[in-house]
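Okay, final01.txt is below, compact mmCIF, C-alpha atoms:
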# COMPACT_ATOMS: atom_id res chain seq x y z
CA MET A 176 -41.61 15.12 -20.90
CA ARG A 177 -43.95 13.26 -18.59
CA ASN A 178 -42.66 9.99 -19.95
CA LEU A 179 -39.13 11.03 -19.23
CA LEU A 180 -40.05 11.96 -15.65
CA ARG A 181 -41.84 8.66 -15.19
CA PHE A 182 -38.81 6.84 -16.56
CA ILE A 183 -36.54 8.64 -14.12
CA VAL A 184 -38.81 7.90 -11.17
CA GLN A 185 -39.17 4.25 -12.16
CA HIS A 186 -35.49 3.65 -12.59
CA HIS A 187 -34.15 6.08 -9.99
CA PHE A 188 -32.13 3.34 -8.29
CA LEU A 189 -30.34 2.31 -11.47
CA ILE A 190 -29.76 5.92 -12.53
CA LEU A 191 -28.45 6.89 -9.11
CA PHE A 192 -26.18 3.86 -9.13
CA LEU A 193 -24.79 4.71 -12.56
CA LEU A 194 -24.21 8.33 -11.56
CA ILE A 195 -22.36 7.56 -8.33
CA GLU A 196 -20.45 4.66 -9.85
CA SER A 197 -19.24 6.78 -12.75
CA PHE A 198 -18.15 9.45 -10.30
CA SER A 199 -16.11 6.85 -8.38
CA LEU A 200 -14.59 5.54 -11.58
CA PHE A 201 -13.79 9.10 -12.58
CA LEU A 202 -11.90 9.50 -9.30
CA LEU A 203 -10.09 6.27 -9.97
CA PHE A 204 -9.03 6.91 -13.55
CA SER A 205 -8.35 10.63 -13.35
CA ALA A 206 -5.74 10.16 -10.64
CA ASN A 207 -2.27 9.91 -12.10
CA PRO A 208 0.55 8.93 -9.75
CA TYR A 209 1.28 12.55 -8.92
CA GLN A 210 -2.29 13.35 -7.92
CA ARG A 211 -2.44 10.05 -6.12
CA VAL A 212 0.39 11.15 -3.88
CA HIS A 213 -1.35 14.45 -3.24
CA PHE A 214 -4.55 12.65 -2.39
CA TYR A 215 -2.49 10.57 -0.04
CA ASN A 216 -0.87 13.58 1.55
CA TYR A 217 -4.24 15.18 2.02
CA SER A 218 -5.79 12.10 3.51
CA HIS A 219 -2.73 11.82 5.64
CA SER A 220 -3.29 15.14 7.32
CA LEU A 221 -6.61 13.61 8.38
CA SER A 222 -5.29 10.28 9.50
CA GLY A 223 -1.84 11.41 10.60
CA ARG A 224 -2.68 11.62 14.26
CA ILE A 225 -4.18 8.18 14.41
CA SER A 226 -1.26 6.69 12.51
CA ILE A 227 1.23 8.27 14.89
CA ARG A 228 -0.61 6.85 17.90
CA MET A 229 -0.67 3.42 16.29
CA GLU A 230 3.02 3.61 15.48
CA ASN A 231 3.77 4.65 19.04
CA ILE A 232 2.13 1.46 20.23
CA LYS A 233 3.82 -0.66 17.60
CA ASP A 234 7.20 0.83 18.53
CA TYR A 235 7.02 -0.85 21.91
CA PHE A 236 6.68 -4.26 20.37
CA SER A 237 9.68 -3.84 18.12
CA LEU A 238 11.97 -2.19 20.66
CA ARG A 239 14.11 -5.27 21.17
CA ASN A 240 14.70 -5.68 17.45
CA GLU A 241 15.36 -2.00 16.88
CA ASN A 242 17.86 -1.97 19.70
CA ARG A 243 19.70 -4.89 18.23
CA LYS A 244 19.83 -3.24 14.81
CA LEU A 245 20.99 0.05 16.30
CA ALA A 246 23.69 -1.73 18.23
CA GLU A 247 24.87 -3.43 15.07
CA GLU A 248 24.88 -0.18 13.17
CA ASN A 249 26.77 1.48 16.02
CA ALA A 250 29.39 -1.20 15.83
CA GLN A 251 29.74 -0.67 12.11
CA LEU A 252 30.11 3.06 12.55
CA TYR A 253 32.65 2.68 15.33
CA ASN A 254 34.62 0.54 12.96
CA ARG A 255 34.86 3.44 10.58
CA LEU A 256 35.98 5.94 13.19
CA GLU A 257 39.38 7.40 12.78
CA SER A 258 40.32 6.19 16.24
CA SER A 259 39.94 2.58 15.21
CA PHE A 260 42.71 2.94 12.64
CA THR A 261 46.41 3.47 13.19
CA ARG A 262 48.08 6.07 11.04
CA ILE A 263 51.21 4.89 9.33
CA GLU A 264 52.13 7.83 7.14
CA PRO A 265 53.48 10.51 9.44
CA ASP A 266 55.72 12.28 6.90
CA THR A 267 53.04 14.41 5.23
CA ASP A 268 50.19 16.03 7.02
CA ARG A 269 47.11 15.91 4.79
CA LYS A 270 44.15 18.17 5.24
CA GLY A 271 40.74 18.01 3.67
CA ASP A 272 40.68 19.85 0.35
CA SER A 273 38.14 20.39 -2.41
CA LEU A 274 38.50 16.74 -3.42
CA THR A 275 37.05 15.49 -0.19
CA THR A 276 33.91 17.57 0.21
CA ARG A 277 30.87 15.91 1.60
CA THR A 278 28.42 14.65 -1.02
CA TYR A 279 25.73 12.86 0.96
CA GLN A 280 23.92 13.92 4.07
CA TYR A 281 21.79 11.59 6.18
CA LEU A 282 18.65 12.34 8.13
CA THR A 283 16.78 9.93 10.35
CA ALA A 284 13.00 9.74 9.99
CA ARG A 285 10.31 7.49 11.33
CA VAL A 286 7.89 5.52 9.22
CA ILE A 287 4.38 6.36 10.36
CA ASN A 288 2.40 4.71 7.61
CA ASN A 289 3.37 1.77 5.50
CA SER A 290 1.67 -0.84 3.38
CA ILE A 291 2.94 -3.86 1.52
CA ASN A 292 -0.27 -5.46 0.35
CA LYS A 293 -1.24 -3.13 -2.45
CA GLN A 294 0.14 -3.00 -5.95
CA PHE A 295 1.28 0.60 -5.51
CA ASN A 296 2.64 0.89 -2.00
CA TYR A 297 3.72 4.13 -0.39
CA LEU A 298 5.28 4.94 2.98
CA THR A 299 4.77 8.08 4.97
CA LEU A 300 7.61 9.58 7.02
CA ASP A 301 7.23 11.97 9.94
CA LYS A 302 9.51 14.62 8.44
CA GLY A 303 8.92 16.93 5.53
CA LYS A 304 9.80 20.27 3.99
CA MET A 305 10.58 21.76 7.41
CA SER A 306 13.36 19.19 7.81
CA ASN A 307 14.74 19.93 4.36
CA ILE A 308 13.36 16.83 2.70
CA GLN A 309 12.70 17.23 -0.99
CA PRO A 310 11.25 14.98 -3.69
CA GLU A 311 13.64 12.54 -5.38
CA MET A 312 15.72 11.91 -2.28
CA ALA A 313 16.71 8.33 -1.54
CA VAL A 314 15.45 6.47 1.51
CA ILE A 315 17.31 3.53 3.02
CA GLY A 316 16.83 1.35 6.07
CA SER A 317 19.44 -0.42 8.10
CA GLU A 318 19.18 -3.50 5.88
CA GLY A 319 18.97 -1.92 2.46
CA ILE A 320 17.12 0.44 0.17
CA VAL A 321 13.55 1.44 0.98
CA GLY A 322 12.31 3.90 -1.63
CA ILE A 323 12.37 7.38 -3.12
CA VAL A 324 10.67 10.48 -1.70
CA LYS A 325 7.79 11.31 -4.02
CA SER A 326 6.21 14.37 -2.49
CA VAL A 327 6.49 16.39 0.68
CA SER A 328 4.18 18.47 2.81
CA ASP A 329 5.39 20.67 5.65
CA ASN A 330 5.74 17.91 8.21
CA TYR A 331 5.35 14.68 6.29
CA SER A 332 6.75 13.10 3.21
CA SER A 333 5.37 10.37 1.03
CA VAL A 334 7.82 7.75 -0.20
CA LEU A 335 7.45 5.55 -3.26
CA SER A 336 8.28 2.15 -1.80
CA VAL A 337 10.41 -0.46 -3.53
CA LEU A 338 7.19 -2.47 -3.38
CA ASN A 339 5.48 -0.25 -5.92
CA ARG A 340 5.00 -1.24 -9.53
CA ASP A 341 6.20 2.25 -10.54
CA PHE A 342 9.53 1.87 -8.75
CA THR A 343 12.72 1.10 -10.66
CA VAL A 344 16.27 1.13 -9.38
CA SER A 345 19.52 0.49 -11.19
CA ALA A 346 21.04 -2.55 -9.48
CA LYS A 347 24.60 -3.74 -9.80
CA ILE A 348 26.03 -7.19 -9.26
CA LYS A 349 28.67 -6.48 -6.66
CA LYS A 350 31.31 -8.94 -7.77
CA ASN A 351 31.53 -7.99 -11.46
CA GLY A 352 29.83 -4.63 -11.82
CA TYR A 353 27.18 -5.51 -14.40
CA PHE A 354 24.00 -3.56 -13.83
CA GLY A 355 20.37 -3.48 -14.91
CA PRO A 356 16.97 -2.16 -13.86
CA MET A 357 15.23 -3.90 -10.97
CA ARG A 358 11.50 -3.82 -10.33
CA TRP A 359 8.98 -5.37 -8.00
CA ASN A 360 6.47 -7.59 -9.77
CA GLY A 361 3.53 -7.04 -7.46
CA ASN A 362 3.24 -10.46 -5.88
CA ASN A 363 5.52 -11.36 -3.05
CA PRO A 364 6.88 -8.55 -0.85
CA GLU A 365 10.14 -10.45 -0.41
CA TYR A 366 11.21 -10.73 -4.06
CA ALA A 367 11.86 -8.43 -7.01
CA THR A 368 13.05 -8.99 -10.58
CA LEU A 369 16.28 -7.81 -12.20
CA VAL A 370 16.50 -7.85 -16.00
CA ASP A 371 18.93 -6.86 -18.80
CA ILE A 372 21.96 -8.79 -17.52
CA PRO A 373 23.55 -10.32 -20.66
CA HIS A 374 23.87 -14.11 -20.78
CA HIS A 375 27.66 -14.25 -20.81
CA VAL A 376 27.92 -12.73 -17.36
CA ASN A 377 28.86 -15.21 -14.70
CA ILE A 378 26.29 -15.16 -11.90
CA GLU A 379 25.34 -17.52 -9.13
CA ALA A 380 22.55 -17.77 -6.60
CA GLY A 381 23.64 -15.91 -3.50
CA ASP A 382 25.48 -13.09 -5.30
CA THR A 383 25.00 -9.71 -3.68
CA LEU A 384 23.24 -6.84 -5.45
CA VAL A 385 23.95 -3.23 -4.57
CA THR A 386 22.81 0.13 -5.93
CA SER A 387 24.83 1.26 -8.93
CA GLY A 388 24.67 4.95 -8.14
CA PHE A 389 23.36 5.82 -11.61
CA GLY A 390 20.42 8.14 -11.75
CA GLY A 391 21.87 10.17 -8.91
CA VAL A 392 19.24 9.22 -6.37
CA PHE A 393 20.82 6.33 -4.51
CA PRO A 394 24.50 6.58 -3.60
CA GLU A 395 26.56 3.73 -4.93
CA GLY A 396 26.95 0.52 -2.99
CA TYR A 397 23.83 0.25 -0.86
CA HIS A 398 22.52 -3.21 -0.25
CA ILE A 399 19.50 -4.30 -2.28
CA GLY A 400 19.37 -8.06 -1.89
CA ILE A 401 20.80 -11.33 -3.11
CA ILE A 402 20.17 -13.41 -6.21
CA SER A 403 17.86 -16.28 -5.39
CA GLU A 404 17.36 -17.82 -8.83
CA PHE A 405 17.74 -16.88 -12.51
CA ARG A 406 16.86 -18.10 -15.97
CA LEU A 407 17.60 -17.03 -19.52
CA LYS A 408 14.83 -15.06 -21.13
CA GLY A 409 14.70 -14.91 -24.91
CA GLY A 410 18.22 -16.36 -25.14
CA ASN A 411 20.24 -13.21 -24.56
CA TYR A 412 19.36 -11.82 -21.19
CA TYR A 413 18.90 -13.21 -17.74
CA GLU A 414 15.76 -12.69 -15.75
CA ILE A 415 16.90 -12.75 -12.14
CA ARG A 416 14.76 -13.24 -9.05
CA VAL A 417 16.13 -11.12 -6.23
CA LYS A 418 15.52 -11.81 -2.56
CA LEU A 419 15.21 -8.30 -1.09
CA SER A 420 17.30 -7.75 2.01
CA THR A 421 14.88 -5.38 3.73
CA ASP A 422 11.84 -6.77 5.46
CA TYR A 423 9.29 -4.14 4.44
CA ARG A 424 6.79 -5.36 7.02
CA LYS A 425 9.01 -4.24 9.85
CA LEU A 426 10.28 -0.84 8.72
CA ASN A 427 10.51 1.57 11.58
CA TYR A 428 13.36 4.06 11.36
CA VAL A 429 14.88 5.00 8.03
CA GLN A 430 17.56 7.35 6.70
CA VAL A 431 16.75 9.94 4.08
CA ILE A 432 19.75 10.72 1.91
CA ARG A 433 20.34 14.16 0.50
CA ASN A 434 22.71 14.36 -2.42
CA LEU A 435 24.48 17.70 -2.06
CA ALA A 436 25.87 17.51 -5.58
CA ARG A 437 22.49 16.83 -7.08
CA ASN A 438 21.80 20.34 -8.34
CA GLU A 439 25.17 20.60 -9.97
CA ILE A 440 24.85 17.24 -11.71
CA ASP A 441 21.32 18.04 -12.84
CA SER A 442 22.17 21.41 -14.30
CA LEU A 443 25.19 19.90 -16.05
CA GLU A 444 23.15 17.10 -17.56
CA ASN A 445 20.42 19.50 -18.60
CA LEU A 446 22.96 21.23 -20.83
CA ASN A 447 23.05 18.10 -23.00
CA SER A 448 19.35 17.91 -23.61
CA PRO A 449 17.97 20.76 -25.71
CA MET B 228 -35.85 6.36 14.65
CA ILE B 229 -33.11 8.64 16.04
CA LYS B 230 -31.89 5.69 18.10
CA ASP B 231 -31.59 3.57 14.97
CA LEU B 232 -29.74 6.32 13.16
CA LEU B 233 -27.26 6.62 16.03
CA LYS B 234 -26.85 2.85 16.10
CA TYR B 235 -25.91 2.70 12.43
CA LEU B 236 -23.61 5.73 12.71
CA LEU B 237 -21.81 4.01 15.57
CA GLN B 238 -21.58 0.81 13.51
CA PHE B 239 -20.09 2.81 10.65
CA LEU B 240 -17.46 4.35 12.92
CA VAL B 241 -16.53 1.12 14.66
CA LEU B 242 -16.18 -0.76 11.36
CA VAL B 243 -14.05 1.94 9.73
CA LEU B 244 -11.77 2.10 12.77
CA ALA B 245 -11.53 -1.69 13.01
CA GLN B 246 -10.64 -1.88 9.32
CA LEU B 247 -7.99 0.83 9.47
CA LEU B 248 -6.40 0.02 12.79
CA ILE B 249 -6.63 -3.75 12.96
CA PHE B 250 -7.52 -5.47 9.71
CA ASN B 251 -5.30 -3.37 7.45
CA ASN B 252 -2.37 -4.69 9.44
CA ILE B 253 -3.35 -8.28 8.81
CA GLU B 254 -1.72 -9.66 5.74
CA LEU B 255 -0.95 -13.28 5.09
CA SER B 256 1.95 -13.87 2.70
CA GLY B 257 1.04 -10.80 0.66
CA TYR B 258 -2.03 -12.51 -0.71
CA ILE B 259 -4.87 -12.24 1.73
CA ASN B 260 -6.26 -8.92 2.99
CA PRO B 261 -9.64 -9.00 4.73
CA TYR B 262 -11.91 -5.99 4.17
CA ILE B 263 -14.49 -6.33 6.92
CA TYR B 264 -15.98 -2.83 6.65
CA VAL B 265 -18.54 -4.17 4.15
CA LEU B 266 -20.45 -5.53 7.15
CA PHE B 267 -22.04 -2.09 7.37
CA VAL B 268 -23.77 -2.56 4.02
CA LEU B 269 -24.73 -6.13 4.87
CA LEU B 270 -26.44 -5.18 8.13
CA LEU B 271 -28.54 -2.21 6.93
CA PRO B 272 -32.27 -2.96 7.44
CA PHE B 273 -34.38 -4.42 4.60
CA GLU B 274 -36.54 -1.28 4.39
CA VAL B 275 -33.65 1.16 3.99
CA PRO B 276 -34.45 3.54 1.09
CA ARG B 277 -32.31 2.64 -1.90
CA VAL B 278 -31.03 6.20 -2.15
CA VAL B 279 -29.71 5.94 1.41
CA LEU B 280 -28.24 2.50 0.70
CA ILE B 281 -26.24 3.74 -2.28
CA ALA B 282 -25.24 7.08 -0.73
CA GLY B 283 -24.21 5.44 2.56
CA SER B 284 -22.09 2.87 0.75
CA PHE B 285 -20.44 5.57 -1.31
CA ILE B 286 -19.51 7.56 1.79
CA LEU B 287 -18.21 4.41 3.47
CA GLY B 288 -16.04 3.56 0.46
CA LEU B 289 -14.83 7.14 0.16
CA VAL B 290 -13.79 7.31 3.81
CA ILE B 291 -11.83 4.08 3.45
CA ASP B 292 -10.28 5.40 0.22
CA LEU B 293 -9.32 8.62 1.92
CA PHE B 294 -7.47 6.86 4.69
CA MET B 295 -5.84 4.28 2.47
CA GLY B 296 -4.86 6.72 -0.28
CA THR B 297 -6.58 4.84 -3.09
CA PRO B 298 -8.93 7.33 -4.81
CA GLY B 299 -12.07 5.64 -6.13
CA VAL B 300 -11.11 2.01 -5.64
CA HIS B 301 -13.04 1.17 -2.49
CA SER B 302 -15.93 3.51 -3.28
CA THR B 303 -16.52 1.91 -6.68
CA ALA B 304 -16.48 -1.59 -5.23
CA THR B 305 -18.72 -0.71 -2.28
CA VAL B 306 -21.29 1.13 -4.41
CA PHE B 307 -21.39 -1.82 -6.78
CA MET B 308 -22.00 -4.15 -3.87
CA ALA B 309 -24.79 -1.93 -2.54
CA PHE B 310 -26.39 -1.94 -5.98
CA ALA B 311 -26.34 -5.72 -6.04
CA ARG B 312 -27.72 -6.12 -2.52
CA PRO B 313 -31.48 -5.88 -3.33
CA MET B 314 -31.06 -8.47 -6.09
CA VAL B 315 -29.08 -10.83 -3.87
CA LEU B 316 -31.73 -10.41 -1.16
CA ALA B 317 -34.47 -11.26 -3.67
CA LEU B 318 -32.47 -14.27 -4.84
CA PHE B 319 -32.17 -15.79 -1.38
CA SER B 320 -35.59 -14.65 -0.14
CA PRO B 321 -37.29 -17.22 2.14
CA ARG B 322 -40.64 -18.62 0.97
CA GLU B 323 -42.74 -16.20 2.99
CA GLY B 324 -40.57 -13.19 2.13
CA TYR B 325 -38.84 -10.90 4.60
CA GLN B 326 -41.27 -10.00 7.43
CA THR B 327 -41.38 -6.43 8.67
CA GLY B 328 -39.48 -6.06 11.89
CA THR B 329 -36.78 -8.53 10.88
CA LEU B 330 -33.19 -7.57 10.06
CA PRO B 331 -30.66 -9.25 7.76
CA ARG B 332 -28.87 -10.92 10.65
CA ILE B 333 -27.79 -14.38 11.58
CA ASP B 334 -30.10 -14.54 14.61
CA HIS B 335 -33.15 -13.75 12.44
CA PHE B 336 -32.60 -15.97 9.41
CA GLY B 337 -30.11 -18.61 10.49
CA LEU B 338 -26.63 -19.59 9.51
CA GLU B 339 -27.29 -21.02 6.05
CA TRP B 340 -29.09 -17.93 4.81
CA PHE B 341 -26.48 -15.60 6.26
CA VAL B 342 -23.59 -17.53 4.74
CA LYS B 343 -25.14 -17.44 1.25
CA TYR B 344 -25.97 -13.73 1.57
CA THR B 345 -22.56 -12.74 2.94
CA VAL B 346 -20.38 -14.84 0.66
CA THR B 347 -22.17 -13.67 -2.50
CA LEU B 348 -21.89 -9.98 -1.70
CA VAL B 349 -18.35 -10.21 -0.35
CA LEU B 350 -17.23 -12.04 -3.50
CA LEU B 351 -18.80 -9.30 -5.67
CA HIS B 352 -17.10 -6.59 -3.60
CA HIS B 353 -13.66 -8.19 -3.40
CA PHE B 354 -13.42 -9.14 -7.06
CA THR B 355 -14.36 -5.61 -8.14
CA LEU B 356 -11.90 -4.21 -5.61
CA PHE B 357 -8.88 -6.36 -6.44
CA TYR B 358 -9.21 -5.99 -10.20
CA LEU B 359 -9.72 -2.22 -9.92
CA GLU B 360 -6.65 -2.02 -7.73
CA VAL B 361 -4.31 -3.62 -10.28
CA LEU B 362 -6.20 -2.07 -13.23
CA THR B 363 -4.82 -4.62 -15.66
CA LEU B 364 -5.51 -8.21 -16.67
CA HIS B 365 -1.77 -8.86 -16.68
CA HIS B 366 -1.66 -10.81 -13.45
CA PHE B 367 -5.11 -12.27 -13.97
CA LEU B 368 -4.54 -15.53 -12.11
CA SER B 369 -2.68 -14.16 -9.10
CA THR B 370 -5.29 -11.42 -8.67
CA PHE B 371 -8.03 -14.03 -8.97
CA LEU B 372 -6.41 -16.06 -6.22
CA ARG B 373 -5.91 -13.03 -3.99
CA ALA B 374 -9.55 -11.95 -4.43
CA LEU B 375 -10.89 -15.45 -3.81
CA LEU B 376 -8.83 -16.19 -0.71
CA SER B 377 -9.45 -12.72 0.74
CA SER B 378 -13.22 -13.11 0.16
CA LEU B 379 -13.20 -16.40 2.02
CA LEU B 380 -11.28 -14.94 4.94
CA THR B 381 -13.50 -11.83 5.11
CA SER B 382 -16.65 -13.97 5.02
CA LEU B 383 -15.29 -16.25 7.71
CA ILE B 384 -14.43 -13.33 9.99
CA LEU B 385 -17.84 -11.72 9.42
CA ILE B 386 -19.80 -14.92 10.06
CA ILE B 387 -17.90 -15.81 13.21
CA SER B 388 -18.15 -12.24 14.50
CA GLN B 389 -21.95 -12.42 14.23
CA TYR B 390 -22.04 -15.01 16.99
CA PHE B 391 -20.21 -12.63 19.29
CA ILE B 392 -22.18 -9.51 18.43
CA PHE B 393 -25.73 -10.89 18.34
CA ARG B 394 -25.66 -13.46 21.08
CA LYS B 395 -29.09 -14.87 21.85
Please render this file's structure as structure tokens.
Amino acid sequence: MRNLLRFIVQHHFLILFLLIESFSLFLLFSANPYQRVHFYNYSHSLSGRISIRMENIKDYFSLRNENRKLAEENAQLYNRLESSFTRIEPDTDRKGDSLTTRTYQYLTARVINNSINKQFNYLTLDKGKMSNIQPEMAVIGSEGIVGIVKSVSDNYSSVLSVLNRDFTVSAKIKKNGYFGPMRWNGNNPEYATLVDIPHHVNIEAGDTLVTSGFGGVFPEGYHIGIISEFRLKGGNYYEIRVKLSTDYRKLNYVQVIRNLARNEIDSLENLNSP
Amino acid sequence: MIKDLLKYLLQFLVLVLAQLLIFNNIELSGYINPYIYVLFVLLLPFEVPRVVLIAGSFILGLVIDLFMGTPGVHSTATVFMAFARPMVLALFSPREGYQTGTLPRIDHFGLEWFVKYTVTLVLLHHFTLFYLEVLTLHHFLSTFLRALLSSLLTSLILIISQYFIFRK
């Protein structure tokens, strides 16, 4: 017993180190992605105020750019207005019916925390449950897709960024409709990798990639990026390097998309799986 | 004694805030992220009880983890660095040892000593940190490069900052 005590006293530094280090490692390894997001939400309620102040300051520096983007978006939206089209079918008067119900609803939110230099990047938005945001909603910016809502607290939501090694999206080549999963590879925040495109498909550098709409999270046709280079992998499939269209360093305002048909689709698809 | 305690508490706060508000926003081509908060561990006095050294480093790492949403990553790396500090100090000890009343600072032991001391510990910290963050040997080389370049940048920032903080 005395020997044991002496041993402990002699090596207290090493023992203390091992104890604390194993506790840290326990924290590290016990956190699965879900708990990670909760940890993040919790820490966010601590750091939320500071982040908002910081973002307020940063907003000033990007005002010019944001204004330009908003103006461009405005122009696009004006183009879609009914008043910018002439009607040329006056014989029948059509009204909206059950075929033209609204499927997607958009909600603007501000990015108050964002990182691009980790392997598992998350964004935090300044809206949450109170604004009807729920997990699994899509998030897009003015230049393309941004991520998927992972978890929400009352006033904030945490978004799995495209720049996260856990993120996958089904991407479609716009000109011919072939699709495959696209992932970020953890290195450069400007590029991602698209796989599973068979070798007979005709692709070129510069082709546009959009969301395929499968999986029910992202609506179809949102910009992802363009093909920058590709090579055959294993003879049958292309491995394609995609230049992402969104600059994730400069995200500021984003749109959260709510799929109103989501519940119906989910419950229908659940019927298939036992 | 109380004055010293307050001084180190203030150092802790300033470094954490500088890391979170300024240095986390610095990122060069996705590769290089400086983590300057380790300066707190570097500057603790020679006579600091080892229990305090380890516990302080753990709290520092945990606070950074909490704000960055990375449970355990920074605390593991920082505690490891604190554990290595006495050995690194012994390794680079001057011939007559460390006199009482001196501090591990550039104005007490000179540039060469401080560079060796800082670079060694920062390398230990950053390599632990970057490999724990990816948790795989898949991207061994790119992680190696990121850790190495970030360590060099962190060390450079720390060494230059010493000339501003402890002006003679």
Name all residues at most 7 Å from B:Gly288 (count all atoms listed in the file; drop same-chain ones fewer than 2 positions away) and give them as an NGL selection string. :B and (284-286 or 290-292 or 301-302 or 305)
Output C-alpha atoms for every residue in the selection just made, as a short mmCIF file (atom, residue, chain, number, x, y, z; two decimals), in the frame of the given file.
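Below is the file that was written, again05.cif:
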data_model
loop_
_atom_site.label_atom_id
_atom_site.label_comp_id
_atom_site.auth_asym_id
_atom_site.auth_seq_id
_atom_site.Cartn_x
_atom_site.Cartn_y
_atom_site.Cartn_z
CA SER B 284 -22.09 2.87 0.75
CA PHE B 285 -20.44 5.57 -1.31
CA ILE B 286 -19.51 7.56 1.79
CA VAL B 290 -13.79 7.31 3.81
CA ILE B 291 -11.83 4.08 3.45
CA ASP B 292 -10.28 5.40 0.22
CA HIS B 301 -13.04 1.17 -2.49
CA SER B 302 -15.93 3.51 -3.28
CA THR B 305 -18.72 -0.71 -2.28
#
Test item: chain B residues at most 9 Å from chain A, counting all atoms listed in the file, as a ChimeraX atom specification: /B:248,251-252,254,256-260,277-278,281-282,285,289,292-304,306-307,309-310,359-361,366,369
Quick one: distance from atom CA of A:Asn447 to atom CA of A:Asn434 in Å, one decimal?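 Calculated distance between atom CA of A:Asn447 and atom CA of A:Asn434 is 20.9 Å.
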Need to verify the contact set: A:Asn377, 10 Å, only C-alpha atoms, exclusion of same-chain residues closer than 5 positions in sequence. Can you return it as a list in words?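 The neighbour list is Lys350, Asn351, Tyr353 and Ile372 of chain A.
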So what do you get for atom CA of A:Asn249 versus atom CA of A:Thr299, distance-wise?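 Atom-to-atom, atom CA of A:Asn249 to atom CA of A:Thr299, that is 25.5 Å.
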Name all residues at most 12 Å from A:Ile440 (count only C-alpha atoms; drop same-chain ones fewer than 4 positions away) and give them as JSON, numbers by chain. {"A": [278, 389, 390, 391, 392, 434, 435, 436, 444, 445, 446, 447]}
Based on the selection just made, write C-alpha atoms of those residues as a tab-separated table (two decimals), keeping the file's coordinate frame.
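The resulting again_9.tsv:
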chain	number	residue	atom	x	y	z
A	278	THR	CA	28.42	14.65	-1.02
A	389	PHE	CA	23.36	5.82	-11.61
A	390	GLY	CA	20.42	8.14	-11.75
A	391	GLY	CA	21.87	10.17	-8.91
A	392	VAL	CA	19.24	9.22	-6.37
A	434	ASN	CA	22.71	14.36	-2.42
A	435	LEU	CA	24.48	17.70	-2.06
A	436	ALA	CA	25.87	17.51	-5.58
A	444	GLU	CA	23.15	17.10	-17.56
A	445	ASN	CA	20.42	19.50	-18.60
A	446	LEU	CA	22.96	21.23	-20.83
A	447	ASN	CA	23.05	18.10	-23.00
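Residues in contact range of B:Ala311, defined as at most 10 Å between all atoms listed in the file, with sequence neighbours fewer than 3 positions away removed, read B:Thr305, B:Val306, B:Phe307, B:Met308, B:Met314, B:Val315, B:Leu316, B:Thr347, B:Leu348, B:Leu351, B:His352.
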Non-local contacts of stretch 402-411 of chain A (12 Å; only C-alpha atoms; under 3 positions in same chain excluded) as an mmCIF file with C-alpha atoms, in the frame of the given file:
data_model
loop_
_atom_site.group_PDB
_atom_site.id
_atom_site.type_symbol
_atom_site.label_atom_id
_atom_site.label_comp_id
_atom_site.auth_asym_id
_atom_site.auth_seq_id
_atom_site.Cartn_x
_atom_site.Cartn_y
_atom_site.Cartn_z
ATOM 1 C CA ALA A 346 21.040 -2.550 -9.480
ATOM 2 C CA LYS A 347 24.600 -3.740 -9.800
ATOM 3 C CA ILE A 348 26.030 -7.190 -9.260
ATOM 4 C CA LYS A 349 28.670 -6.480 -6.660
ATOM 5 C CA MET A 357 15.230 -3.900 -10.970
ATOM 6 C CA GLU A 365 10.140 -10.450 -0.410
ATOM 7 C CA TYR A 366 11.210 -10.730 -4.060
ATOM 8 C CA ALA A 367 11.860 -8.430 -7.010
ATOM 9 C CA THR A 368 13.050 -8.990 -10.580
ATOM 10 C CA LEU A 369 16.280 -7.810 -12.200
ATOM 11 C CA VAL A 370 16.500 -7.850 -16.000
ATOM 12 C CA ASP A 371 18.930 -6.860 -18.800
ATOM 13 C CA ILE A 372 21.960 -8.790 -17.520
ATOM 14 C CA PRO A 373 23.550 -10.320 -20.660
ATOM 15 C CA HIS A 374 23.870 -14.110 -20.780
ATOM 16 C CA HIS A 375 27.660 -14.250 -20.810
ATOM 17 C CA VAL A 376 27.920 -12.730 -17.360
ATOM 18 C CA ASN A 377 28.860 -15.210 -14.700
ATOM 19 C CA ILE A 378 26.290 -15.160 -11.900
ATOM 20 C CA GLU A 379 25.340 -17.520 -9.130
ATOM 21 C CA ALA A 380 22.550 -17.770 -6.600
ATOM 22 C CA GLY A 381 23.640 -15.910 -3.500
ATOM 23 C CA ASP A 382 25.480 -13.090 -5.300
ATOM 24 C CA THR A 383 25.000 -9.710 -3.680
ATOM 25 C CA LEU A 384 23.240 -6.840 -5.450
ATOM 26 C CA VAL A 385 23.950 -3.230 -4.570
ATOM 27 C CA ILE A 399 19.500 -4.300 -2.280
ATOM 28 C CA GLU A 414 15.760 -12.690 -15.750
ATOM 29 C CA ILE A 415 16.900 -12.750 -12.140
ATOM 30 C CA ARG A 416 14.760 -13.240 -9.050
ATOM 31 C CA VAL A 417 16.130 -11.120 -6.230
ATOM 32 C CA LYS A 418 15.520 -11.810 -2.560
ATOM 33 C CA LEU A 419 15.210 -8.300 -1.090
ATOM 34 C CA SER A 420 17.300 -7.750 2.010
#
Would you mind reading off the distance between atom CA of A:Ala246 and atom CA of A:Ser317, one decimal, in Å? 11.1 Å
Enclose all atoms of stretch 291-300 of chain B listed in the file in an axis-aligned box, grow every side by 8 Å, and hand back centre and edge lengths in Å to one decimal, as AutoDock Vina command-line options.
--center_x -8.5 --center_y 5.3 --center_z -0.7 --size_x 23.2 --size_y 22.6 --size_z 26.8
For the point (-11.0, 0.7, 10.1) in file coordinates, what residues are within 10 Å, counting all atoms listed in the file? Give the answer as a PyMOL selection string? chain B and resi 239-251+262-264+290-291+294-295
